[in-house]
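Asker: The structure's right below; bear with me while I get my questions together.
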Amino acid sequence: MSGSHSDIESLLSEVHDHLDDRVTLATLAQRSGYSPFHFHRSFVETVGETPKQHILRMRLERAAYLLAVTDDGVLRLALSVGFSSHETFTRAFRRHFDMSPTAYRIAARKAQAERLEQNEHFTGDGCHLSAVTLCSLPSTMLLCSRHTGAYAEMRLPPYGPADHLWAQLSEWADSVGAAHERTAWVICLDDPTLTPGPQQRLDACVQLLTTSVPHGPFTVREFAGGWYAATEHVGPHETIIQAYRHVADGIRRSAKLAFGSGPPVQIFRYLDRDPAYHRTEVYFPVVRR
């Protein structure tokens, strides 16, 4: 099935953005243009799960994240990620996480409170983290390449000797005359505390300066922009996870901000020969309380 990998990734992006929609193998196959048999086989080869397993896992992981960061009632939350009832959701959640949604929320809030107390004045271990601030990111167009694999293994500096993500994006954009900035973006689509390492997804992106881009092997996506909580991380990439935790803790401490929808964004602003001086910004979408 030539080109099926990119077709499936594009289709999955739509599904992930609308987890409350009713999705079946037949509807997915129809939207992909393939028979249910061939779509199912290609999906398993590409994703490593059946469509049913994948969508159920996405819904449960999204629900777990929402339980941890919002005060939405369990029924409302269940409906928002595509379950038809409180009972159906609770049974599926308990099978996946070995605890009820309510117990999960209590455990998550307890762990968060302990983290906030322990890290009240934290500014980085082996790196430096700036204070968490509120800022607005403008909308823009991105050229993106999907990568699946453990975030912890993503140690490649952009445009370095071992880089196979951002360099390919820039090379292809140059080959088709698509004006772009070489600044490297990362959009992490999964919570690494919930999603198994081999199934963690990220988009490596560069910012396009044009909307006229021919069809090719990479995805062109509009970044909507909006309000974000942010920190600047100065130090080696191995410590970047601290920046994500730092921003999340900053949002939890805030009386005015709450977690917004959408994934966090990471932008490499400066790469030095000495990794101790790499500068990277990490942003989490937020809404005002």
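FYI, nothing fancy with the structure tokens labels: chains A, B, ... in order, residues from 1 per chain, ligands from 1 as they appear.
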If you count only C-alpha atoms, which residues fall within 7 Å of stretch 205-219 of chain A, apart from same-chain ones fewer than 6 positions away, as a ChimeraX atom specification?

Answerer: /A:141-145,166,178-186

Asker: What's around stretch 21-34 of chain A at 10 Å? Count only C-alpha atoms, leave out sequence neighbours fewer than 5 positions away in its own chain, and write the answer as number ranges by chain.

Answerer: A: 1, 4, 7-8, 10-12, 15-16, 39-40, 42-43, 50-52, 55, 79-84

Asker: For A:Pro196, find every residue with an atom within 12 Å (counting only C-alpha atoms), except residues of its own chain fewer than 5 positions away, and show them as a list in words.

Answerer: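 The residues satisfying every condition are Arg57, Met58, Glu61, Thr148, Gly149, Ala150, Tyr151, Ala152, Asp190, Asp191 and Arg201 of chain A.
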
Asker: Write down as a PyMOL selection string the residues belonging to stretch 57-226 of chain A that are assigned alpha helix (DSSP H) by DSSP computed on the backbone.

Answerer: chain A and resi 57-69+74-80+86-97+101-118+166-175

Asker: So that each row is one residue of stretch 115-218 of chain A with an atom at most 9 Å from stretch 238-242 of chain A, can you give its shortest atom pair and the distance in Å to one decimal, using only C-alpha atoms, rows by chain and rising number, as JSON lines?

Answerer:
```
{"residue": "A:Gly124", "atom": "CA", "partner": "A:Gln242", "partner_atom": "CA", "distance": 6.9}
{"residue": "A:Asp125", "atom": "CA", "partner": "A:Thr239", "partner_atom": "CA", "distance": 7.7}
{"residue": "A:Gly126", "atom": "CA", "partner": "A:Thr239", "partner_atom": "CA", "distance": 7.0}
{"residue": "A:Cys127", "atom": "CA", "partner": "A:Thr239", "partner_atom": "CA", "distance": 6.7}
{"residue": "A:Leu129", "atom": "CA", "partner": "A:Gln242", "partner_atom": "CA", "distance": 8.2}
{"residue": "A:Ala152", "atom": "CA", "partner": "A:Glu238", "partner_atom": "CA", "distance": 8.1}
{"residue": "A:Met154", "atom": "CA", "partner": "A:Glu238", "partner_atom": "CA", "distance": 8.8}
{"residue": "A:Arg155", "atom": "CA", "partner": "A:Glu238", "partner_atom": "CA", "distance": 6.6}
```

Asker: Enter the distance from atom CA of A:Asp72 to atom CA of A:Ala92, in Å, rounded to one decimal.

Answerer: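 According to the coordinates, atom CA of A:Asp72 and atom CA of A:Ala92 are separated by 18.4 Å.
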